[in-house]
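The block underneath contains the structure these notes are about, expressed in structure tokens.
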Amino acid sequence: MKIAILCTDPRHPVNAWLERWADVQRARGHAVALLRDRALLDQGDLLFLVSCHQMVGADLRARFQRTLVLHASALPQGRGMSPHVWQVLGGADRITVTLLDAVDELDRGDIWHQVDFRLQGTELHDEIHALLFDAELQLMSWAVDHALTARPRPQPPGEGSYYRKRVPDDSRIDPQRPLAEAFDLLRIADPDRYPVFFEMRGQRYRLRIEKM
């Protein structure tokens with residue numbers, strides 16, 4: 001099987017997981033390419049869009065038997081951007097990760113498979129990422145074994161719900177407020193790419209927490 005993975009952000013922490021998954025699939029006899037730009041897409045059996053920030057139109061999707069997206073919500077609820085972050089901030093203790101068809105309308109494709117992972121409420125961003133990425137790889141492996149023969153199911157009718165794109169100011173905290181109010185933001189924020197920060201006496205400060 002010929003497989004392409006389009007992940008347009010080389011700094012995204014999922015890349016280490018994708019590289020390991022690609023090596024496992026190559027050992028199984030599949031040809032796997034991890035790409036950074038849609039212009040590099042050729043033809044193949046499966047195309048996975050993982051942390052992909054480029055529009056992949058119908059002309060490119062038609063080069064593959066299946067073009068599949070990974071999305072961390074129980075669709076149709078939670079369409080949009082950074083769904084697992086918004087859910088953790090909302091107090092969720094279970095995250096559903098969905099494998100769906102890529103279509104022109106955002107997060108509206110048919111659903112192939114879903115898996116869940118649980119949160120205890122103490123995990124920091126790297127631990128949450130590990131749970132999320134493991135779930136994504138599980139779905140990708142399922143797709144390799146089933147997506148060319150199984151049938152997806154349409155999303156239930158209705159509008160569902162949407163998360164907006166997060167902006168840097170969403171990571172700002174008020175230093176006068178209790179630390180407990182900011183704890184979920186501190187544990188979900190990527191301290192290198194999207195750090196939590198506050199301003200004091202005319203200076204901006206980055207906050208990072210780690211477990212003892």
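Convention: chains lettered A, B, ... in structure tokens order; per-chain residue numbering from 1; ligands numbered from 1 as shown.
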
Check your understanding: Could you pull the residues within 10 Å of Trp21 (chain A), counting only C-alpha atoms, minus those fewer than 2 positions along the same chain, as an MDAnalysis selection string?
Key -> chainID A and resid 15:19 23:27 32 134 137:138 140:141

Review point. Residues at most 9 Å from Leu60 (chain A), counting only C-alpha atoms, excluding those fewer than 5 positions away in the same chain, as a ChimeraX atom specification?
Key: /A:38,41-43

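Minimum distance to Val69 (chain A) across A:Leu139, A:Leu185, A:Val144, A:Leu35 (counting only C-alpha atoms) occurs at A:Leu139.
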
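Nearest to Pro156 (chain A) of all the residues A:Glu136, A:Asp169, A:Asp110, A:Glu210 is A:Asp110, counting only C-alpha atoms.
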
Excluding Ala31 (chain A) and any residue of its chain fewer than 3 positions from it, enumerate the residues within 9 Å of it, using only C-alpha atoms, and give them as a compact mmCIF listing (two decimals) with all heavy atoms, in the first residue's frame.
# COMPACT_ATOMS: atom_id res chain seq x y z
N MET A 1 0.84 -1.19 0.00
CA MET A 1 0.00 0.00 0.00
C MET A 1 0.88 1.25 0.00
O MET A 1 1.91 1.30 0.68
CB MET A 1 -0.91 0.00 1.25
CG MET A 1 -1.90 1.13 1.28
SD MET A 1 -3.03 1.03 2.71
CE MET A 1 -4.02 -0.39 2.25
N LYS A 2 0.48 2.26 -0.76
CA LYS A 2 1.20 3.51 -0.83
C LYS A 2 0.48 4.56 0.01
O LYS A 2 -0.68 4.89 -0.26
CB LYS A 2 1.33 3.98 -2.29
CG LYS A 2 2.26 5.16 -2.49
CD LYS A 2 2.45 5.47 -3.96
CE LYS A 2 3.40 6.64 -4.16
NZ LYS A 2 3.58 6.96 -5.61
N ILE A 3 1.18 5.09 1.01
CA ILE A 3 0.58 5.96 2.01
C ILE A 3 1.34 7.28 2.06
O ILE A 3 2.57 7.30 2.08
CB ILE A 3 0.62 5.30 3.41
CG1 ILE A 3 -0.08 3.94 3.38
CG2 ILE A 3 0.01 6.22 4.46
CD1 ILE A 3 0.22 3.08 4.60
N ALA A 4 0.60 8.37 2.11
CA ALA A 4 1.19 9.70 2.30
C ALA A 4 0.60 10.32 3.55
O ALA A 4 -0.59 10.18 3.83
CB ALA A 4 0.94 10.59 1.09
N ALA A 22 5.47 5.50 10.71
CA ALA A 22 5.91 5.25 9.33
C ALA A 22 6.91 4.11 9.27
O ALA A 22 6.85 3.25 8.38
CB ALA A 22 6.49 6.51 8.72
N GLN A 25 5.09 0.82 9.61
CA GLN A 25 4.36 0.47 8.39
C GLN A 25 5.31 0.06 7.27
O GLN A 25 4.99 -0.83 6.48
CB GLN A 25 3.47 1.63 7.97
CG GLN A 25 2.40 2.01 8.99
CD GLN A 25 1.53 0.84 9.40
OE1 GLN A 25 1.11 0.04 8.54
NE2 GLN A 25 1.24 0.73 10.68
N ARG A 26 6.45 0.69 7.20
CA ARG A 26 7.44 0.29 6.18
C ARG A 26 7.91 -1.13 6.44
O ARG A 26 8.13 -1.91 5.50
CB ARG A 26 8.61 1.27 6.17
CG ARG A 26 8.25 2.65 5.65
CD ARG A 26 9.41 3.60 5.71
NE ARG A 26 9.02 4.97 5.36
CZ ARG A 26 9.22 6.03 6.13
NH1 ARG A 26 9.84 5.91 7.30
NH2 ARG A 26 8.81 7.23 5.73

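Residue nearest Asp174 (chain A), chosen from A:Cys7, A:Leu119, A:Met200, A:Ala33 and counting only C-alpha atoms: A:Met200.
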
Practice item. Determine, counting only C-alpha atoms, which protein, DNA and RNA residues have an atom within 8 Å of an atom of Pro175 (chain A); residues of the same chain fewer than 3 positions away are not included. Present the result as a ChimeraX atom specification. Key: /A:178,198-200

Point to revise | Those of region 8-134 of chain A in DSSP helix (DSSP H, G or I), formatted as a VMD selection string | key: chain A and resid 14 to 27 38 to 40 58 to 61 83 to 89 125 to 134

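Among the candidates A:Arg208, A:Leu132, A:Thr122, A:Glu127, the one nearest to His71 (chain A) when counting only C-alpha atoms is A:Leu132.
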
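As for CA of Val56 (chain A) and CA of Ala39 (chain A), they are spaced 9.8 Å apart.
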
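Among the candidates A:Leu148, A:Leu89, A:Lys211, A:Arg28, the residue lying nearest to Ala182 (chain A) is A:Leu89 (atoms considered: only C-alpha atoms).
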
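Once Asp126 (chain A) and its same-chain neighbours fewer than 6 positions away are set aside, A:Pro13, A:Arg187, A:Ile188, A:Asp190 remain within 9 Å of it when counting only C-alpha atoms.
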